[in-house]
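**Student:** Enclosed is the structure file my_file07.txt (compact mmCIF, C-alpha atoms).
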```txt
# COMPACT_ATOMS: atom_id res chain seq x y z
CA MET K 160 17.82 2.84 -10.62
CA LYS K 161 18.42 6.35 -9.26
CA ARG K 162 18.97 4.92 -5.78
CA GLY K 163 21.58 2.52 -7.25
CA ILE K 164 23.40 5.44 -8.88
CA TYR K 165 23.40 7.38 -5.60
CA LEU K 166 24.71 4.36 -3.69
CA ALA K 167 27.44 3.74 -6.27
CA ALA K 168 28.44 7.41 -6.11
CA ALA K 169 28.47 7.32 -2.29
CA ALA K 170 30.68 4.19 -2.37
CA ALA K 171 33.00 5.91 -4.86
CA CYS K 172 33.20 8.94 -2.57
CA ILE K 173 34.12 6.80 0.45
CA ALA K 174 36.85 5.15 -1.65
CA GLY K 175 37.88 8.63 -2.82
CA ILE K 176 38.14 9.91 0.76
CA ALA K 177 40.32 6.93 1.72
CA GLY K 178 42.43 7.43 -1.43
CA THR K 179 43.01 11.13 -0.91
CA LEU K 180 43.84 10.63 2.78
CA TYR K 181 46.40 7.99 1.75
CA LEU K 182 47.93 10.35 -0.82
CA ILE K 183 47.98 13.29 1.59
CA PHE K 184 49.34 11.53 4.66
CA TYR K 185 51.47 8.70 3.23
CA ARG K 186 52.61 9.79 -0.23
CA ALA K 187 52.97 13.57 -0.19
CA PRO K 188 56.15 14.66 1.59
CA ILE K 189 56.24 16.92 4.63
CA ASP K 190 56.54 20.57 3.57
CA ARG K 191 59.89 22.17 4.31
CA LEU K 192 58.40 25.35 5.83
CA LEU K 193 54.96 24.52 7.17
CA LEU K 194 55.88 20.95 8.16
CA PHE K 195 52.98 18.63 9.05
CA ASN K 196 50.43 21.48 9.22
CA GLN K 197 50.67 21.89 5.44
CA LYS K 198 48.41 18.78 5.18
CA ILE K 199 45.46 21.11 5.86
CA PHE K 200 46.18 22.85 2.54
CA TYR K 201 44.92 20.02 0.26
CA TYR K 202 41.36 19.97 1.60
CA HIS K 203 41.26 23.70 2.39
CA VAL K 204 42.06 24.75 -1.19
CA ALA K 205 39.75 22.11 -2.72
CA ASN K 206 36.87 23.40 -0.57
CA ALA K 207 37.69 27.00 -1.47
CA TRP K 208 37.33 26.09 -5.14
CA MET K 209 34.02 24.36 -4.42
CA LEU K 210 32.90 27.55 -2.66
CA GLY K 211 33.65 29.41 -5.90
CA ALA K 212 31.82 26.76 -7.94
CA ALA K 213 28.76 26.93 -5.66
CA ILE K 214 28.59 30.73 -5.85
CA ILE K 215 29.01 30.76 -9.63
CA THR K 216 26.28 28.09 -9.96
CA CYS K 217 24.03 30.17 -7.70
CA GLY K 218 24.76 33.39 -9.62
CA VAL K 219 24.27 31.94 -13.09
CA SER K 220 21.05 30.13 -12.06
CA SER K 221 19.80 33.30 -10.40
CA LEU K 222 20.46 35.25 -13.57
CA LEU K 223 18.61 32.59 -15.61
CA TYR K 224 15.76 32.68 -13.11
CA LEU K 225 15.49 36.46 -13.35
CA ARG K 226 15.32 36.17 -17.14
CA THR K 227 13.02 33.15 -17.52
CA ARG K 228 11.22 32.89 -14.13
CA GLN K 229 11.46 29.09 -14.38
CA GLY K 230 11.30 27.27 -11.05
CA ARG K 231 14.09 24.80 -11.88
CA HIS K 232 16.64 27.62 -12.13
CA ASP K 233 15.48 28.93 -8.78
CA ASP K 234 15.77 25.43 -7.23
CA LEU K 235 19.33 25.11 -8.51
CA ALA K 236 20.24 28.59 -7.25
CA ARG K 237 18.80 27.86 -3.82
CA ALA K 238 20.61 24.52 -3.55
CA ALA K 239 23.92 26.06 -4.65
CA GLY K 240 23.42 29.02 -2.28
CA GLU K 241 23.12 26.74 0.75
CA LEU K 242 26.16 24.75 -0.38
CA ALA K 243 28.10 28.01 -0.69
CA VAL K 244 27.34 28.69 2.98
CA LEU K 245 28.55 25.19 3.89
CA TYR K 246 31.79 25.47 1.86
CA GLY K 247 32.36 29.02 3.06
CA ALA K 248 32.12 27.86 6.68
CA ILE K 249 34.54 25.00 5.97
CA VAL K 250 37.04 27.31 4.25
CA LEU K 251 36.91 29.92 7.02
CA VAL K 252 37.21 27.36 9.83
CA THR K 253 40.02 25.29 8.25
CA GLY K 254 41.79 28.48 7.17
CA SER K 255 41.60 29.88 10.69
CA ILE K 256 43.04 26.66 12.15
CA TRP K 257 45.80 26.73 9.56
CA GLY K 258 46.45 30.39 10.41
CA LYS K 259 46.88 29.44 14.05
CA ALA K 260 49.31 26.67 13.11
CA ALA K 261 51.32 28.72 10.59
CA TRP K 262 51.12 32.32 11.86
CA ASP K 263 50.10 31.69 15.48
CA ILE K 264 46.91 33.74 15.10
CA TRP K 265 43.36 32.53 14.57
CA TRP K 266 42.33 35.52 12.49
CA ASP K 267 43.78 38.60 10.81
CA TRP K 268 41.97 41.36 8.92
CA ASP K 269 44.05 40.44 5.91
CA ALA K 270 42.60 41.24 2.44
CA ARG K 271 42.01 37.59 1.41
CA LEU K 272 40.52 36.61 4.76
CA THR K 273 38.30 39.68 4.97
CA THR K 274 36.98 39.47 1.38
CA SER K 275 36.29 35.73 1.90
CA LEU K 276 34.37 36.50 5.09
CA LEU K 277 32.33 39.18 3.30
CA LEU K 278 31.57 36.78 0.44
CA TRP K 279 30.41 34.13 2.92
CA MET K 280 28.28 36.69 4.76
CA THR K 281 26.65 37.66 1.45
CA MET K 282 25.71 34.00 0.93
CA VAL K 283 24.40 33.73 4.49
CA GLY K 284 22.27 36.78 3.62
CA TYR K 285 21.07 34.97 0.48
CA VAL K 286 19.94 31.94 2.50
CA LEU K 287 18.27 34.10 5.17
CA VAL K 288 16.37 36.09 2.53
CA ARG K 289 15.21 32.82 0.95
CA GLN K 290 14.21 31.36 4.28
CA TYR K 291 12.42 34.30 5.88
CA GLY K 292 11.83 36.80 3.05
CA GLY K 293 8.29 35.65 2.28
CA PRO K 294 6.63 35.90 -1.16
CA GLY K 295 8.81 37.48 -3.83
CA SER K 296 12.01 36.89 -1.86
CA GLU K 297 13.36 34.63 -4.61
CA ARG K 298 13.91 37.65 -6.87
CA MET K 299 15.62 39.65 -4.15
CA ALA K 300 17.78 36.64 -3.29
CA ALA K 301 18.60 36.14 -6.99
CA GLY K 302 20.00 39.67 -7.02
CA LEU K 303 22.19 38.82 -4.04
CA GLY K 304 23.39 35.65 -5.78
CA VAL K 305 24.48 37.66 -8.84
CA PHE K 306 26.19 40.22 -6.57
CA ALA K 307 28.14 37.47 -4.78
CA THR K 308 29.31 36.02 -8.12
CA VAL K 309 30.62 39.41 -9.22
CA ASN K 310 32.66 39.51 -5.98
CA ILE K 311 34.55 36.26 -6.68
CA PRO K 312 37.31 37.92 -8.80
CA LEU K 313 37.90 40.38 -5.96
CA VAL K 314 38.49 37.50 -3.52
CA TYR K 315 40.71 35.65 -6.00
CA PHE K 316 42.88 38.64 -6.90
CA SER K 317 42.97 40.08 -3.37
CA VAL K 318 46.34 38.39 -2.76
CA LYS K 319 47.73 40.11 -5.86
CA ILE K 320 46.18 43.54 -5.28
CA TRP K 321 47.04 43.93 -1.58
CA ARG K 322 49.95 42.82 0.56
CA THR K 323 48.64 39.83 2.49
CA LEU K 324 49.70 37.06 4.84
CA HIS K 325 47.80 34.54 2.75
CA PRO K 326 49.81 32.47 0.21
CA GLN K 327 49.73 33.62 -3.42
CA THR K 328 47.71 32.02 -6.23
CA SER K 329 50.93 30.57 -7.68
CA VAL K 330 51.19 27.86 -4.97
CA VAL K 331 48.97 25.26 -6.65
CA PRO K 332 50.58 25.47 -10.15
CA GLY K 333 53.98 25.18 -8.45
CA LEU K 334 53.25 21.83 -6.78
CA GLN K 335 55.33 18.87 -7.89
CA GLY K 336 55.04 15.06 -7.87
CA SER K 337 53.01 13.45 -5.12
CA MET K 338 51.97 16.83 -3.68
CA ARG K 339 50.37 17.65 -7.02
CA ALA K 340 48.64 14.22 -7.11
CA ALA K 341 47.28 14.73 -3.58
CA MET K 342 46.03 18.21 -4.50
CA TRP K 343 44.22 17.26 -7.72
CA SER K 344 42.74 14.07 -6.27
CA SER K 345 41.31 16.19 -3.41
CA VAL K 346 39.84 18.63 -5.93
CA ALA K 347 38.29 15.72 -7.89
CA LEU K 348 36.85 14.20 -4.71
CA PHE K 349 35.26 17.44 -3.54
CA ALA K 350 33.96 18.20 -7.04
CA VAL K 351 32.11 14.84 -7.05
CA LEU K 352 30.86 15.45 -3.50
CA TYR K 353 29.73 18.94 -4.55
CA VAL K 354 27.67 17.55 -7.46
CA LEU K 355 26.11 14.89 -5.21
CA PHE K 356 25.27 17.39 -2.47
CA LEU K 357 23.84 19.74 -5.10
CA LEU K 358 21.60 17.01 -6.58
CA ALA K 359 20.44 15.94 -3.12
CA ARG K 360 19.70 19.54 -2.07
CA MET K 361 17.88 20.15 -5.38
CA ARG K 362 15.59 17.22 -4.60
CA VAL K 363 14.71 18.91 -1.32
CA ALA K 364 14.10 22.22 -3.15
CA GLN K 365 11.83 20.43 -5.65
CA GLY K 366 10.00 18.82 -2.73
CA GLU K 367 9.51 22.24 -1.15
CA ARG K 368 8.07 23.57 -4.40
CA ARG K 369 5.73 20.57 -4.67
CA LEU K 370 4.65 21.07 -1.05
CA SER K 371 3.76 24.72 -1.63
CA GLU K 372 1.68 23.64 -4.66
CA LEU K 373 -0.10 21.05 -2.53
CA ARG K 374 -0.71 23.67 0.15
CA GLU K 375 -2.34 25.93 -2.42
CA GLN K 376 -4.58 23.04 -3.54
CA ALA K 377 -5.49 22.29 0.08
CA LEU K 378 -6.19 25.99 0.65
CA ASP K 379 -8.46 26.10 -2.40
CA ALA K 380 -10.26 23.01 -1.15
CA GLY K 381 -10.71 24.65 2.24
CA LEU K 382 -8.73 21.92 4.02
CA ILE K 383 -6.30 24.30 5.64
CA GLU K 384 -6.51 27.93 6.66
CA MET C 45 21.46 56.05 59.76
CA PRO C 46 23.19 54.55 56.76
CA ASN C 47 21.17 51.93 54.95
CA ARG C 48 22.34 48.35 54.37
CA MET C 49 23.70 49.01 50.85
CA THR C 50 25.86 51.92 52.07
CA ARG C 51 27.27 49.74 54.86
CA TYR C 52 28.16 47.02 52.37
CA ALA C 53 29.75 49.60 50.07
CA ARG C 54 31.91 50.85 52.93
CA LEU C 55 33.26 47.35 53.39
CA VAL C 56 33.47 46.22 49.77
CA VAL C 57 35.09 49.29 48.18
CA PRO C 58 38.14 49.42 50.50
CA ALA C 59 38.47 45.64 50.26
CA ALA C 60 38.46 45.80 46.42
CA LEU C 61 41.00 48.64 46.47
CA ALA C 62 43.27 46.72 48.84
CA LEU C 63 42.99 43.63 46.65
CA ALA C 64 43.85 45.64 43.53
CA LEU C 65 46.90 47.16 45.25
CA LEU C 66 48.11 43.88 46.69
CA ALA C 67 47.53 41.80 43.55
CA PRO C 68 50.77 42.86 41.77
CA VAL C 69 52.74 42.14 44.96
CA GLY C 70 51.15 38.70 45.18
CA LEU C 71 51.91 38.00 41.53
CA ALA C 72 55.52 39.10 41.97
CA VAL C 73 55.90 36.81 44.99
CA ALA C 74 54.33 33.93 43.10
CA ALA C 75 56.59 34.50 40.07
CA GLU C 76 59.79 34.51 42.13
CA PRO C 77 61.88 31.38 41.56
CA TYR C 78 62.51 28.85 44.28
CA ARG C 79 65.33 30.04 46.52
CA SER C 80 67.71 27.78 48.41
CA PRO C 81 71.32 28.06 49.69
CA MET C 82 72.45 25.43 47.13
CA ARG C 83 70.88 27.37 44.27
CA GLU C 84 72.45 30.64 45.40
CA GLN C 85 75.84 28.93 45.69
CA CYS C 86 75.48 27.43 42.23
CA GLU C 87 74.44 30.78 40.71
CA GLY C 88 77.40 32.42 42.44
CA GLU C 89 79.83 29.87 41.03
CA LEU C 90 78.30 30.16 37.57
CA SER C 91 78.63 33.94 37.57
CA LYS C 92 82.31 33.62 38.47
CA ASP C 93 83.16 30.95 35.89
CA LYS C 94 82.15 32.25 32.43
CA GLY C 95 83.61 29.19 30.68
CA TRP C 96 81.48 26.79 32.72
CA GLN C 97 78.43 28.97 32.05
CA ALA C 98 79.01 28.80 28.29
CA GLU C 99 79.67 25.04 28.43
CA LEU C 100 76.47 24.42 30.34
CA ARG C 101 74.43 26.58 27.95
CA GLN C 102 75.95 24.81 24.94
CA SER C 103 75.18 21.37 26.37
CA VAL C 104 71.53 22.28 27.01
CA ARG C 105 70.83 24.15 23.76
CA PRO C 106 70.78 21.21 21.26
CA ASP C 107 68.46 19.25 23.54
CA VAL C 108 66.05 22.15 23.86
CA HIS C 109 66.23 22.82 20.12
CA GLN C 110 65.61 19.15 19.29
CA GLU C 111 62.71 19.02 21.72
CA ASP C 112 61.09 22.05 20.06
CA ALA C 113 61.72 20.64 16.58
CA ASN C 114 60.09 17.34 17.59
CA ILE C 115 57.04 19.15 18.96
CA THR C 116 56.66 21.13 15.71
CA MET C 117 57.25 18.10 13.49
CA ARG C 118 54.79 15.94 15.40
CA ASN C 119 52.19 18.67 15.92
CA LYS C 120 49.09 16.95 14.61
CA LYS C 121 46.65 18.92 16.74
CA HIS C 122 45.78 21.55 14.12
CA VAL C 123 45.56 19.04 11.27
CA VAL C 124 43.19 16.87 13.32
CA MET C 125 41.13 19.94 14.25
CA ALA C 126 40.88 21.09 10.62
CA TYR C 127 39.94 17.66 9.22
CA GLY C 128 37.49 17.09 12.07
CA ALA C 129 35.81 20.47 11.50
CA LEU C 130 35.57 19.86 7.75
CA TRP C 131 33.92 16.45 7.99
CA GLY C 132 31.87 17.49 11.01
CA LEU C 133 30.32 20.45 9.16
CA SER C 134 29.64 18.26 6.10
CA VAL C 135 27.92 15.59 8.22
CA ILE C 136 25.82 18.22 10.05
CA PHE C 137 24.73 19.62 6.66
CA LEU C 138 23.79 16.15 5.39
CA VAL C 139 21.87 15.22 8.54
CA LEU C 140 19.93 18.52 8.49
CA MET C 141 19.12 18.01 4.80
CA TRP C 142 17.96 14.44 5.45
CA LEU C 143 15.73 15.56 8.34
CA ARG C 144 14.26 18.33 6.18
CA GLN C 145 13.58 15.84 3.37
CA ARG C 146 11.84 13.46 5.81
CA ARG C 147 9.69 16.27 7.17
CA LEU C 148 8.78 17.35 3.65
CA VAL C 149 7.79 13.85 2.52
CA ALA C 150 5.64 13.35 5.63
CA GLU C 151 3.91 16.73 5.12
CA MET C 152 3.35 16.07 1.41
CA ASP C 153 1.85 12.63 2.13
CA ARG C 154 -0.47 14.11 4.74
CA LEU C 155 -1.66 16.88 2.43
CA ALA C 156 -2.05 14.55 -0.57
CA GLN C 157 -4.20 12.22 1.53
CA GLN C 158 -6.35 15.11 2.73
CA ILE C 159 -6.82 16.37 -0.82
CA ALA C 160 -7.67 12.88 -2.12
CA LYS C 161 -10.14 12.38 0.74
CA ALA C 162 -11.78 15.74 0.07
CA ALA C 163 -12.01 14.97 -3.65
CA ALA C 164 -13.64 11.57 -2.94
CA GLU C 165 -16.23 13.16 -0.65
```
Any chance you could give the structure as structure tokens?

**Tutor:**
Amino acid sequence: MKRGIYLAAAAACIAGIAGTLYLIFYRAPIDRLLLFNQKIFYYHVANAWMLGAAIITCGVSSLLYLRTRQGRHDDLARAAGELAVLYGAIVLVTGSIWGKAAWDIWWDWDARLTTSLLLWMTMVGYVLVRQYGGPGSERMAAGLGVFATVNIPLVYFSVKIWRTLHPQTSVVPGLQGSMRAAMWSSVALFAVLYVLFLLARMRVAQGERRLSELREQALDAGLIE
Amino acid sequence: MPNRMTRYARLVVPAALALALLAPVGLAVAAEPYRSPMREQCEGELSKDKGWQAELRQSVRPDVHQEDANITMRNKKHVVMAYGALWGLSVIFLVLMWLRQRRLVAEMDRLAQQIAKAAAE
């Protein structure tokens, strides 16, 4: 039953990818200023929002874990933390390529770019602490997750607070017609993909928890050292 | 008697200095445009006839402009790079997660069997 749901969701995602690509490349017009390179925008922004969603999920679950010490909150935080690293990498790489196309530079120490990089590095730190921190690292990592969540408003408002090269937050609400359709369908697609990735990664986290329990049993039984 | 390293240094240091001094000259020679009597004659005529010069420039400009516009309009390189990077990173993440899951299941099965065997004994 669960496998059927996963397969149906995967099929829907493949259809979604084809649909969004059609809307982006065949329906949405070429932008007057950025020309064909503006096509990067639809997936770049959608992934940036998923980065925000992953960090918020990680932060809220971490907070719940610190309060309740329930393993399921920790599993969710860990899964969302790794996804935040994935989405952060996607956003930084696609943004850098777009920067090269639009501004003719791969990178600039612009406020939005720098705060995004710092946020991503915080999440990389979270994953490293979880991976190599040893016993008790989940609490330390939970603190990092909460810290990263608090930083999200700084990244979002950085384009308003400082003078930056990066486009303002008013771009998405200002989209019209088929550009708007392409944008929101991309957001919907990546939101579904995010939930699926999160569920799949949570299964791995649950498996890891079960494995450590089994290891403890085996240790008690003297089967392993 | 100077040792081998000192002898090498005596050869290498002046050679490096000579190369550093001659490099700009070499670059300047390489950057110089192709010279020929026909070209010189043509440049001479062009410098005399300002009207012809302007006419020639005007006839070339739209073509150059159009060529640049076409390159910019058809520049798909960055879009392909961005989409490729996005899906590439996602696929790498999925494959790594799948491998980790497989490893976990195998390890759990092995441990569960060991525990069951120990309990039976």

**Student:** Contacts between chain C and chain K, please, where a residue of chain K counts if it comes within 6 Å (with only C-alpha atoms); show its shortest atom pair and distance in Å to one decimal, rows by chain and ascending number, as a Markdown table.

**Tutor:**
```
| residue | atom | partner | partner_atom | distance |
| --- | --- | --- | --- | --- |
| K:Asn196 | CA | C:Val123 | CA | 5.8 |
| K:Ile199 | CA | C:Val123 | CA | 5.8 |
| K:Ile249 | CA | C:Leu130 | CA | 5.5 |
| K:Thr253 | CA | C:Ala126 | CA | 4.9 |
| K:Val363 | CA | C:Gln145 | CA | 5.7 |
| K:Leu370 | CA | C:Met152 | CA | 5.7 |
```

**Student:** List as a list of chain:residue names the protein and nucleic acid residues near Ile214 of chain K, meaning an atom at most 7 Å away when all atoms listed in the file are counted, but skip any in the same chain fewer than 6 places from it.

**Tutor:**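 Surrounding residues, per the criterion: K:Ala239, K:Gly240, K:Ala243, K:Ala307, K:Thr308.
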
**Student:** Got time to write the residues from that selection, C-alpha atoms, as a short mmCIF file (atom, residue, chain, number, x, y, z; two decimals), in the frame of the given file?

**Tutor:**
```
data_model
loop_
_atom_site.label_atom_id
_atom_site.label_comp_id
_atom_site.auth_asym_id
_atom_site.auth_seq_id
_atom_site.Cartn_x
_atom_site.Cartn_y
_atom_site.Cartn_z
CA ALA K 239 23.92 26.06 -4.65
CA GLY K 240 23.42 29.02 -2.28
CA ALA K 243 28.10 28.01 -0.69
CA ALA K 307 28.14 37.47 -4.78
CA THR K 308 29.31 36.02 -8.12
#
```

**Student:** May I ask for the distance between atom CA of Met338 of chain K and atom CA of Ala187 of chain K, given in Å to one decimal place?

**Tutor:**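 Computed distance, atom CA of Met338 of chain K to atom CA of Ala187 of chain K, equals 4.9 Å.
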
**Student:** Work out where the centre of an axis-aligned box around every listed atom of segment 136-155 of chain C lies and how long its edges are once 5 Å is added on each side; give both in Å to one decimal as lines of an AutoDock Vina configuration file.

**Tutor:**
```
center_x = 12.1
center_y = 16.1
center_z = 5.7
size_x = 37.5
size_y = 17.0
size_z = 18.6
```

**Student:** What does the distance from atom CA of Met342 of chain K to atom CA of Gly178 of chain K come to in Å, to one decimal?

**Tutor:** 11.8 Å

**Student:** What does the structure give for the distance between atom CA of Ala169 of chain K and atom CA of Ala205 of chain K, in Å to one decimal?

**Tutor:**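 About the pair atom CA of Ala169 of chain K and atom CA of Ala205 of chain K: they are 18.6 Å apart.
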
**Student:** Would you kindly return, as a list in words, each protein, DNA or RNA residue with an atom no farther than 7 Å from any atom of segment 314-324 of chain K, considering all atoms listed in the file and excluding same-chain residues fewer than 4 positions away?

**Tutor:**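 The residues that qualify are Asp269, Ala270, Arg271, Thr274, Ser275 and Asn310 of chain K.
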
**Student:** When distances are computed from only C-alpha atoms, which of K:Thr273, K:Ser371, K:Ser337, K:Gln365 shows the smallest separation from Ala236 of chain K?

**Tutor:** K:Gln365

**Student:** N, CA and C atoms are needed for segment 168-196 of chain K; please write them out as a PDB file, in the frame of the given file.

**Tutor:**
```pdb
ATOM      1  N   ALA K 168      27.682   6.151  -6.257  1.00  0.00           N
ATOM      2  CA  ALA K 168      28.440   7.410  -6.110  1.00  0.00           C
ATOM      3  C   ALA K 168      28.925   7.586  -4.675  1.00  0.00           C
ATOM      4  N   ALA K 169      28.068   7.207  -3.702  1.00  0.00           N
ATOM      5  CA  ALA K 169      28.470   7.320  -2.290  1.00  0.00           C
ATOM      6  C   ALA K 169      29.655   6.389  -2.003  1.00  0.00           C
ATOM      7  N   ALA K 170      29.580   5.157  -2.567  1.00  0.00           N
ATOM      8  CA  ALA K 170      30.680   4.190  -2.370  1.00  0.00           C
ATOM      9  C   ALA K 170      31.966   4.736  -2.993  1.00  0.00           C
ATOM     10  N   ALA K 171      31.821   5.340  -4.187  1.00  0.00           N
ATOM     11  CA  ALA K 171      33.000   5.910  -4.860  1.00  0.00           C
ATOM     12  C   ALA K 171      33.590   7.050  -4.032  1.00  0.00           C
ATOM     13  N   CYS K 172      32.708   7.823  -3.398  1.00  0.00           N
ATOM     14  CA  CYS K 172      33.200   8.940  -2.570  1.00  0.00           C
ATOM     15  C   CYS K 172      33.946   8.424  -1.343  1.00  0.00           C
ATOM     16  N   ILE K 173      33.432   7.352  -0.730  1.00  0.00           N
ATOM     17  CA  ILE K 173      34.120   6.800   0.450  1.00  0.00           C
ATOM     18  C   ILE K 173      35.514   6.291   0.033  1.00  0.00           C
ATOM     19  N   ALA K 174      35.545   5.615  -1.133  1.00  0.00           N
ATOM     20  CA  ALA K 174      36.850   5.150  -1.650  1.00  0.00           C
ATOM     21  C   ALA K 174      37.739   6.360  -1.949  1.00  0.00           C
ATOM     22  N   GLY K 175      37.132   7.404  -2.501  1.00  0.00           N
ATOM     23  CA  GLY K 175      37.880   8.630  -2.820  1.00  0.00           C
ATOM     24  C   GLY K 175      38.455   9.284  -1.578  1.00  0.00           C
ATOM     25  N   ILE K 176      37.654   9.317  -0.508  1.00  0.00           N
ATOM     26  CA  ILE K 176      38.140   9.910   0.760  1.00  0.00           C
ATOM     27  C   ILE K 176      39.345   9.125   1.257  1.00  0.00           C
ATOM     28  N   ALA K 177      39.205   7.776   1.247  1.00  0.00           N
ATOM     29  CA  ALA K 177      40.320   6.930   1.720  1.00  0.00           C
ATOM     30  C   ALA K 177      41.551   7.157   0.837  1.00  0.00           C
ATOM     31  N   GLY K 178      41.321   7.239  -0.488  1.00  0.00           N
ATOM     32  CA  GLY K 178      42.430   7.430  -1.430  1.00  0.00           C
ATOM     33  C   GLY K 178      43.153   8.755  -1.227  1.00  0.00           C
ATOM     34  N   THR K 179      42.369   9.822  -1.079  1.00  0.00           N
ATOM     35  CA  THR K 179      43.010  11.130  -0.910  1.00  0.00           C
ATOM     36  C   THR K 179      43.754  11.210   0.430  1.00  0.00           C
ATOM     37  N   LEU K 180      43.153  10.612   1.473  1.00  0.00           N
ATOM     38  CA  LEU K 180      43.840  10.630   2.780  1.00  0.00           C
ATOM     39  C   LEU K 180      45.166   9.873   2.693  1.00  0.00           C
ATOM     40  N   TYR K 181      45.151   8.757   1.930  1.00  0.00           N
ATOM     41  CA  TYR K 181      46.400   7.990   1.750  1.00  0.00           C
ATOM     42  C   TYR K 181      47.441   8.856   1.031  1.00  0.00           C
ATOM     43  N   LEU K 182      46.993   9.516  -0.056  1.00  0.00           N
ATOM     44  CA  LEU K 182      47.930  10.350  -0.820  1.00  0.00           C
ATOM     45  C   LEU K 182      48.465  11.517   0.021  1.00  0.00           C
ATOM     46  N   ILE K 183      47.579  12.119   0.795  1.00  0.00           N
ATOM     47  CA  ILE K 183      47.980  13.290   1.590  1.00  0.00           C
ATOM     48  C   ILE K 183      48.924  12.887   2.719  1.00  0.00           C
ATOM     49  N   PHE K 184      48.570  11.833   3.446  1.00  0.00           N
ATOM     50  CA  PHE K 184      49.340  11.530   4.660  1.00  0.00           C
ATOM     51  C   PHE K 184      50.475  10.522   4.456  1.00  0.00           C
ATOM     52  N   TYR K 185      50.419   9.708   3.407  1.00  0.00           N
ATOM     53  CA  TYR K 185      51.470   8.700   3.230  1.00  0.00           C
ATOM     54  C   TYR K 185      52.344   8.911   2.006  1.00  0.00           C
ATOM     55  N   ARG K 186      51.820   9.609   0.998  1.00  0.00           N
ATOM     56  CA  ARG K 186      52.610   9.790  -0.230  1.00  0.00           C
ATOM     57  C   ARG K 186      53.236  11.184  -0.332  1.00  0.00           C
ATOM     58  N   ALA K 187      52.439  12.193  -0.059  1.00  0.00           N
ATOM     59  CA  ALA K 187      52.970  13.570  -0.190  1.00  0.00           C
ATOM     60  C   ALA K 187      53.989  13.833   0.919  1.00  0.00           C
ATOM     61  N   PRO K 188      55.132  14.414   0.552  1.00  0.00           N
ATOM     62  CA  PRO K 188      56.150  14.660   1.590  1.00  0.00           C
ATOM     63  C   PRO K 188      55.757  15.792   2.532  1.00  0.00           C
ATOM     64  N   ILE K 189      56.463  15.848   3.651  1.00  0.00           N
ATOM     65  CA  ILE K 189      56.240  16.920   4.630  1.00  0.00           C
ATOM     66  C   ILE K 189      56.835  18.206   4.052  1.00  0.00           C
ATOM     67  N   ASP K 190      56.064  19.293   4.107  1.00  0.00           N
ATOM     68  CA  ASP K 190      56.540  20.570   3.570  1.00  0.00           C
ATOM     69  C   ASP K 190      57.704  21.109   4.394  1.00  0.00           C
ATOM     70  N   ARG K 191      58.662  21.687   3.687  1.00  0.00           N
ATOM     71  CA  ARG K 191      59.890  22.170   4.310  1.00  0.00           C
ATOM     72  C   ARG K 191      59.620  23.322   5.308  1.00  0.00           C
ATOM     73  N   LEU K 192      58.656  24.184   4.978  1.00  0.00           N
ATOM     74  CA  LEU K 192      58.400  25.350   5.830  1.00  0.00           C
ATOM     75  C   LEU K 192      57.267  25.147   6.823  1.00  0.00           C
ATOM     76  N   LEU K 193      56.150  24.645   6.296  1.00  0.00           N
ATOM     77  CA  LEU K 193      54.960  24.520   7.170  1.00  0.00           C
ATOM     78  C   LEU K 193      54.899  23.187   7.891  1.00  0.00           C
ATOM     79  N   LEU K 194      55.793  22.282   7.542  1.00  0.00           N
ATOM     80  CA  LEU K 194      55.880  20.950   8.160  1.00  0.00           C
ATOM     81  C   LEU K 194      54.538  20.209   8.059  1.00  0.00           C
ATOM     82  N   PHE K 195      54.154  19.506   9.121  1.00  0.00           N
ATOM     83  CA  PHE K 195      52.980  18.630   9.050  1.00  0.00           C
ATOM     84  C   PHE K 195      51.683  19.420   8.831  1.00  0.00           C
ATOM     85  N   ASN K 196      51.660  20.673   9.318  1.00  0.00           N
ATOM     86  CA  ASN K 196      50.430  21.480   9.220  1.00  0.00           C
ATOM     87  C   ASN K 196      50.026  21.762   7.774  1.00  0.00           C
TER      88      ASN K 196
END
```
